[in-house]
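Notes follow the structure.
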Protein chains: 2
Amino acid sequence: MKIYRANILFTPSPAELRVLERGYIVVDDDGNVIGTFDVLPAEYAGAEVTDFGEQLLVPAMNDLHVHAPQYRNHGIAMDMELLPWLNTYTFPEESKYKDAAYAERMYSRFVRDLWRVGTMRASIFATIHPEASCLLADLLNKAGMGGLVGLVGMDRNGPDTLSNTADEAVEGTKCVLEHTKNMPLVSAIVTPRFVPSCTPAMMTALGQLAQDKHLPVQSHLSENPSEIAWVAELEPESTCYGDAYLRYGMFGQTPTLMAHCCYTDGEEFELMRKNHVFAVHCPTSNCNLGSGIAPIRRFLTAGIPVALGSDISGGSGFSIFKVMQYALQMSKLQWRNSDQKENFLSLSEAFWLGTKSGGSFFGKVGSFEPGYAFDALVIDDSELNFDNYSLPHRLERYIYLGDDRQLTHRFCQGKEIQEPQVQ
Amino acid sequence: MKIYRANILFTPSPAELRVLERGYIVVDDDGNVIGTFDVLPAEYAGAEVTDFGEQLLVPAMNDLHVHAPQYRNHGIAMDMELLPWLNTYTFPEESKYKDAAYAERMYSRFVRDLWRVGTMRASIFATIHPEASCLLADLLNKAGMGGLVGLVGMDRNGPDTLSNTADEAVEGTKCVLEHTKNMPLVSAIVTPRFVPSCTPAMMTALGQLAQDKHLPVQSHLSENPSEIAWVAELEPESTCYGDAYLRYGMFGQTPTLMAHCCYTDGEEFELMRKNHVFAVHCPTSNCNLGSGIAPIRRFLTAGIPVALGSDISGGSGFSIFKVMQYALQMSKLQWRNSDQKENFLSLSEAFWLGTKSGGSFFGKVGSFEPGYAFDALVIDDSELNFDNYSLPHRLERYIYLGDDRQLTHRFCQGKEIQEPQVQ
């Protein structure tokens, strides 16, 4: 058992930012929260308390959509929209991951950068390469961080250097699954790149795998108008883009993440709601690639689950705090252009998206309620808090103005996580 | 004379990112650029060269719209749109600047934060208070940085605690002008807050002052639909919001900055073009307050001058590099919703907006062409440049991923500027 004391903030529900001024959190030996307390209950009297003083203690970040092999390209080459961007910059870069030494050099930096910004769990696209994908799982596991690693299936419309067969994608995913079977916080996720990259044979095989092994699925959905038109051409029998996943068993038949959903409407919207498919909101990427912005308020009102993603390297930065900032900002621009009957996102809603809502894909993660994994960040915001701000305003200032310099401790499943080594 | 060597990048024109790999820049004793050279000309042989190695050397940032007395509020309280936000958060905070000690404490941090992010010149809204406004000028001058300080005129629709008369605004502005007369890089700017805050008497008096003393003018224009509707009510004789400034001699009769211009169109657009009125683009603020986004591509195509502003505290961060990022991103979202006949902003255009275009309001500032003030930043991006990126990509990565940690030297008008002291 461990007991920590600090200024504790978390969001049990979208509208509730719970604040414990100099409160206590008790964590069991499995790294799960026993409870949070304003006053330490008598049963813990005499137990050792690690006191973080006036620092903030918040749930760690969860990144539900990120491409590890686009690491080198993050922060550059954003002068094109999605499809030419993929062909010009992204596919050639991902092709390099055939080389395990290159993969290790970049993936070790990738894991370090997740750590740096306080992301303790992520759902990750790797590449078609099994060796590099297993290496990524190793690096996450070694760091003590959590995540899902997706060996990518893609067998059409890409370069020859970045193409696998349906069998190879299935075998590669099984390889990651086998490789991670003894890792406590890392596992595999079925990952068809997106419909334009996957023939019906690939979709059929991956859908079958997901259902056979009860594996979660991640892919891309309705990010860009040209992409959507292309999917309609490629899959004329599908009634919408989402249906092209549904037909192959990959749209909520097992837990499913669909990144972007900028243009999701009508039948696709209804399918996501009914099948509890996650919309992973990646607003920085959507800005950088000029894609459009997903209707998050509508998703939330309808009960469609929403998480946040950095979408490196369509997204330029790793920080989910900054993705919260963009989610708030883009919501306001959408509100401006709406009938304004529904409000823009609130700060607590944005924080909830990046913590408890996204974390729910990994289990009881992203909150400090009893039973939740103690994934946490300690924030020394004394430089930002130079004038006695309220605790909610201190969290807001950290989201808008803070960076990794203020993060003093990071925990994942109860263990303090040290800076991963870069190769 | 000083000679510096580094990887030099600047934008003589919007479309040209000029790159000198390990080039030289020669600066005269007045702090103005003599020239940039790939190979040092014979006439400088034997002269001492300060070599910044592989670091980047770029023009310093210019922030053309920022509210110094909103310093405490930056990074908080962004849950409202413009008009309620002003009444609830901004006016009460600005009222505190009657207290010179409070002003000094906040303004010293404000100047330090401009310095920290590499902004060497700014056009600043102060408050109605002459003592605090002169203090702000002192702090800028003492730091060696440049700027225009605007004592704000506002005599209607604000709280009693934040209101001056037309005479007081004129006298206060003259007081700042007199106070700064021997400061090499700091001067005064006529600053009617915005039309809703200024009676015809205030507008008449400030317009007269601007023309009598040949002073530049700054204000706000067409930021928010409710604001625009209110201006139409308050000034029924004006044919558009911009005309309400024009009629009083403050829309290009002297050099004029108008912040925001999100909804500028038709006659107002034409007036800005004809009168060479600067549109100061503040995209982070426009996102945070759900205002809307100015049509920057249309402004540039029409020849309307455009600069960038952080608009603290509508804007959440000080960095003009980050404002460039937002300008690029918002331009892409606008492109998505346009007929796509004109492209979104390019990286060089965004960099030009924050350096040479904005800097032109201060004279020959924001470029490294001969005769330009040597306002410059040295950037050690070695951590970001871990894989031999090209120089344009290194600049792009710094814009998207960098922060003050990478800034190793800051120059304004040829002098190296040290970190200003915080009170």
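Going through the structure tokens in order, the chains are called A, B, and so on, while each chain numbers its residues from 1 and the ligands are numbered from 1 in the order shown.
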
Item checked: Test item: residues at most 7 Å from stretch 334-341 of chain A, only C-alpha atoms, excluding those fewer than 5 positions along its chain, as a PyMOL selection string -> chain B and resi 290-292

Okay, now the selection with N, CA and C atoms, as a JSON list (two decimals), in the first residue's frame?
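The result, stored in part-v3.json:
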```json
[["chain", "number", "residue", "atom", "x", "y", "z"],
["B", 290, "GLY", "N", -13.82, 31.75, -29.14],
["B", 290, "GLY", "CA", -14.85, 31.32, -30.10],
["B", 290, "GLY", "C", -15.29, 32.45, -31.02],
["B", 291, "SER", "N", -14.33, 33.28, -31.43],
["B", 291, "SER", "CA", -14.70, 34.48, -32.19],
["B", 291, "SER", "C", -14.98, 34.19, -33.65],
["B", 292, "GLY", "N", -14.09, 33.43, -34.27],
["B", 292, "GLY", "CA", -14.11, 33.24, -35.72],
["B", 292, "GLY", "C", -12.68, 33.41, -36.19]]
```

Next item on the list: Can you check which residues of stretch 15-232 of chain B DSSP gives as strand (DSSP E) on the backbone and send them as a ChimeraX atom specification?
Entry: /B:16-27,33-37,50-59,61-67,119-125,146-150,152-153,186-188,191-192,217-221

Next item on the list: Write out as JSON, numbers by chain the residues lying within 9 Å of A:Arg116, counting only C-alpha atoms and excluding same-chain residues fewer than 2 positions away.
Entry: {"A": [111, 112, 113, 114, 118, 119, 318, 319, 403, 404, 405, 407, 419]}

Take the residues from that selection and put them in a file with C-alpha atoms, as a PDB file, in the first residue's frame.
```pdb
ATOM      1  CA  VAL A 111       8.477   5.919 -25.973  1.00  0.00           C
ATOM      2  CA  ARG A 112      10.652   8.520 -24.255  1.00  0.00           C
ATOM      3  CA  ASP A 113       8.516  11.312 -25.750  1.00  0.00           C
ATOM      4  CA  LEU A 114       5.271   9.679 -24.628  1.00  0.00           C
ATOM      5  CA  GLY A 118       2.901  12.317 -19.274  1.00  0.00           C
ATOM      6  CA  THR A 119       1.200   9.806 -21.564  1.00  0.00           C
ATOM      7  CA  PHE A 318       2.852  14.448 -28.282  1.00  0.00           C
ATOM      8  CA  SER A 319       1.090  16.179 -25.408  1.00  0.00           C
ATOM      9  CA  ASP A 403       4.957  21.447 -20.553  1.00  0.00           C
ATOM     10  CA  ASP A 404       7.130  18.553 -19.454  1.00  0.00           C
ATOM     11  CA  ARG A 405       9.269  20.806 -17.276  1.00  0.00           C
ATOM     12  CA  LEU A 407       6.091  17.079 -14.486  1.00  0.00           C
ATOM     13  CA  GLU A 419      12.744   8.320 -18.102  1.00  0.00           C
TER      14      GLU A 419
END
```

Check: Quick one: which residues from chain A are at most 6 Å off chain B, using only C-alpha atoms, as an MDAnalysis selection string?
Finding: chainID A and resid 75:76 287:288 290 329 332:333 336 393 396:397 400

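Nearest to A:Pro69 of all the residues A:Pro159, A:Gly207, A:Gly150, A:Pro184 is A:Gly150, counting only C-alpha atoms.
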
Checklist line | Atomic distance atom CA of B:Asn7 - atom CA of B:Glu54, expressed in Å with one decimal | finding: 6.2 Å

Contact residues around A:Glu223 with only C-alpha atoms at 9 Å, ignoring same-chain residues under 2 positions, as a short mmCIF file (atom, residue, chain, number, x, y, z; two decimals) with all heavy atoms, in the first residue's frame:
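File result.cif, as written:
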```cif
data_model
loop_
_atom_site.label_atom_id
_atom_site.label_comp_id
_atom_site.auth_asym_id
_atom_site.auth_seq_id
_atom_site.Cartn_x
_atom_site.Cartn_y
_atom_site.Cartn_z
N LEU A 82 -4.30 14.94 -46.59
CA LEU A 82 -4.06 13.55 -46.21
C LEU A 82 -3.46 12.63 -47.28
O LEU A 82 -2.39 12.04 -47.06
CB LEU A 82 -5.38 12.93 -45.71
CG LEU A 82 -5.29 11.45 -45.30
CD1 LEU A 82 -4.40 11.26 -44.10
CD2 LEU A 82 -6.69 10.90 -45.03
N HIS A 220 -8.88 4.05 -39.14
CA HIS A 220 -9.21 5.45 -39.45
C HIS A 220 -10.59 5.51 -40.09
O HIS A 220 -10.95 4.61 -40.86
CB HIS A 220 -8.20 6.02 -40.44
CG HIS A 220 -6.79 6.06 -39.96
ND1 HIS A 220 -5.93 5.00 -40.12
CD2 HIS A 220 -6.09 7.02 -39.31
CE1 HIS A 220 -4.74 5.33 -39.61
NE2 HIS A 220 -4.81 6.53 -39.11
N LEU A 221 -11.29 6.59 -39.84
CA LEU A 221 -12.64 6.73 -40.38
C LEU A 221 -12.96 8.18 -40.74
O LEU A 221 -12.79 9.07 -39.90
CB LEU A 221 -13.66 6.23 -39.33
CG LEU A 221 -15.13 6.26 -39.73
CD1 LEU A 221 -15.42 5.23 -40.82
CD2 LEU A 221 -16.03 5.99 -38.51
N PRO A 225 -12.45 14.48 -47.08
CA PRO A 225 -13.43 14.26 -48.15
C PRO A 225 -12.92 13.39 -49.30
O PRO A 225 -13.69 12.55 -49.82
CB PRO A 225 -13.74 15.68 -48.63
CG PRO A 225 -13.48 16.54 -47.44
CD PRO A 225 -12.32 15.91 -46.74
N SER A 226 -11.67 13.58 -49.72
CA SER A 226 -11.16 12.77 -50.84
C SER A 226 -11.05 11.30 -50.43
O SER A 226 -11.31 10.39 -51.24
CB SER A 226 -9.77 13.24 -51.28
OG SER A 226 -9.79 14.60 -51.59
N GLU A 227 -10.65 11.09 -49.21
CA GLU A 227 -10.56 9.72 -48.68
C GLU A 227 -11.94 9.06 -48.68
O GLU A 227 -12.10 7.90 -49.09
CB GLU A 227 -9.99 9.79 -47.25
CG GLU A 227 -10.04 8.49 -46.45
CD GLU A 227 -10.26 8.74 -44.95
OE1 GLU A 227 -10.80 9.81 -44.58
OE2 GLU A 227 -9.89 7.84 -44.17
N ILE A 228 -12.94 9.80 -48.21
CA ILE A 228 -14.29 9.24 -48.11
C ILE A 228 -14.82 8.90 -49.50
O ILE A 228 -15.41 7.83 -49.71
CB ILE A 228 -15.22 10.24 -47.38
CG1 ILE A 228 -14.74 10.42 -45.93
CG2 ILE A 228 -16.67 9.78 -47.43
CD1 ILE A 228 -15.38 11.59 -45.20
N ALA A 259 -10.22 6.54 -35.58
CA ALA A 259 -9.62 7.87 -35.48
C ALA A 259 -10.29 8.85 -36.44
O ALA A 259 -10.64 8.47 -37.56
CB ALA A 259 -8.13 7.79 -35.80
N HIS A 260 -10.48 10.06 -35.95
CA HIS A 260 -10.90 11.23 -36.72
C HIS A 260 -12.42 11.42 -36.78
O HIS A 260 -12.94 12.29 -36.15
CB HIS A 260 -10.28 11.26 -38.12
CG HIS A 260 -8.80 11.14 -38.09
ND1 HIS A 260 -8.00 12.03 -37.40
CD2 HIS A 260 -7.96 10.21 -38.59
CE1 HIS A 260 -6.73 11.66 -37.50
NE2 HIS A 260 -6.67 10.56 -38.23
N CYS A 261 -13.12 10.69 -37.66
CA CYS A 261 -14.60 10.81 -37.70
C CYS A 261 -15.04 12.25 -37.94
O CYS A 261 -16.05 12.70 -37.38
CB CYS A 261 -15.21 10.29 -36.39
SG CYS A 261 -14.63 8.65 -35.93
N CYS A 262 -14.27 12.97 -38.76
CA CYS A 262 -14.59 14.39 -38.98
C CYS A 262 -15.92 14.56 -39.70
O CYS A 262 -16.60 15.57 -39.52
CB CYS A 262 -13.49 15.05 -39.82
SG CYS A 262 -11.86 14.93 -39.10
N TYR A 263 -16.26 13.61 -40.55
CA TYR A 263 -17.45 13.76 -41.39
C TYR A 263 -18.50 12.71 -41.07
O TYR A 263 -19.40 12.46 -41.88
CB TYR A 263 -17.05 13.73 -42.87
CG TYR A 263 -16.13 14.87 -43.22
CD1 TYR A 263 -14.75 14.72 -43.18
CD2 TYR A 263 -16.64 16.13 -43.52
CE1 TYR A 263 -13.89 15.78 -43.44
CE2 TYR A 263 -15.80 17.20 -43.80
CZ TYR A 263 -14.42 17.01 -43.76
OH TYR A 263 -13.59 18.07 -44.02
N THR A 264 -18.38 12.07 -39.92
CA THR A 264 -19.32 11.01 -39.54
C THR A 264 -20.71 11.61 -39.27
O THR A 264 -20.84 12.57 -38.50
CB THR A 264 -18.80 10.28 -38.28
OG1 THR A 264 -17.62 9.58 -38.66
CG2 THR A 264 -19.84 9.31 -37.74
N ASN A 286 -6.01 17.11 -37.43
CA ASN A 286 -7.07 17.55 -38.35
C ASN A 286 -6.81 18.97 -38.84
O ASN A 286 -7.15 19.33 -39.96
CB ASN A 286 -8.44 17.45 -37.68
CG ASN A 286 -8.80 16.03 -37.26
OD1 ASN A 286 -9.56 15.84 -36.31
ND2 ASN A 286 -8.27 15.03 -37.94
N SER A 291 -8.01 18.66 -42.52
CA SER A 291 -8.99 17.60 -42.73
C SER A 291 -10.42 18.07 -42.48
O SER A 291 -11.34 17.80 -43.27
CB SER A 291 -8.67 16.41 -41.81
OG SER A 291 -7.39 15.90 -42.14
N GLY A 292 -10.61 18.76 -41.36
CA GLY A 292 -11.94 19.10 -40.88
C GLY A 292 -11.95 18.77 -39.40
O GLY A 292 -10.95 18.30 -38.86
N ILE A 293 -13.04 19.03 -38.71
CA ILE A 293 -13.10 18.83 -37.26
C ILE A 293 -14.32 17.97 -36.92
O ILE A 293 -15.43 18.24 -37.36
CB ILE A 293 -13.18 20.18 -36.53
CG1 ILE A 293 -11.93 21.02 -36.82
CG2 ILE A 293 -13.35 19.97 -35.02
CD1 ILE A 293 -10.64 20.46 -36.28
N ALA A 294 -14.09 16.94 -36.12
CA ALA A 294 -15.17 16.01 -35.75
C ALA A 294 -16.20 16.70 -34.84
O ALA A 294 -15.84 17.55 -34.02
CB ALA A 294 -14.56 14.81 -35.01
#
```

Item checked: atom CA of A:Phe351 to atom CA of A:Arg5, straight-line distance in Å ->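 We find that atom CA of A:Arg5 and atom CA of A:Phe351 lie 21.1 Å from each other.
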
Check: Using only C-alpha atoms, which residues sit within 6 Å of A:Ile25 once same-chain residues fewer than 4 positions away are excluded, as a list of chain:residue names?
Finding: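 What passes the distance filter is A:Ile3, A:Tyr4, A:Gly35, A:Thr36.
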
Generate a file of the selected residues that holds N, CA, C and O atoms, formatted as a compact mmCIF listing (two decimals), in the first residue's frame.
```
# COMPACT_ATOMS: atom_id res chain seq x y z
N ILE A 3 0.49 5.69 0.15
CA ILE A 3 -0.40 6.84 0.36
C ILE A 3 0.33 8.10 -0.13
O ILE A 3 1.49 8.32 0.22
N TYR A 4 -0.36 8.86 -0.97
CA TYR A 4 0.21 10.10 -1.48
C TYR A 4 -0.66 11.27 -1.05
O TYR A 4 -1.89 11.15 -0.98
N GLY A 35 -8.88 4.64 -2.54
CA GLY A 35 -9.79 5.77 -2.36
C GLY A 35 -9.04 7.08 -2.29
O GLY A 35 -7.82 7.11 -2.14
N THR A 36 -9.79 8.18 -2.44
CA THR A 36 -9.25 9.52 -2.22
C THR A 36 -9.98 10.12 -1.02
O THR A 36 -11.18 9.89 -0.84
```

Notebook entry, point to check: Between atom CA of B:Gly172 and atom CA of B:Thr127, what is the spacing in Å?
Noted result: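 Interatomic distance here is 10.1 Å.
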
With only C-alpha atoms counted and 7 Å as the cut-off, give the residues of stretch 167-221 of chain B in contact with stretch 130-139 of chain B, each with its shortest interatomic distance in Å and the pair that gives it, as CSV.
```
residue,atom,partner,partner_atom,distance
B:Gly172,CA,B:Pro130,CA,5.2
B:Cys175,CA,B:Pro130,CA,6.9
B:Val176,CA,B:Cys134,CA,5.6
B:His179,CA,B:Cys134,CA,6.6
B:Thr180,CA,B:Ala137,CA,6.9
B:Val186,CA,B:Ala137,CA,6.6
```

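Shortest separation to B:Ala201 among B:Asp375, B:Glu416, B:Glu383, B:Asp167 occurs at residue B:Asp167, atoms counted being only C-alpha atoms.
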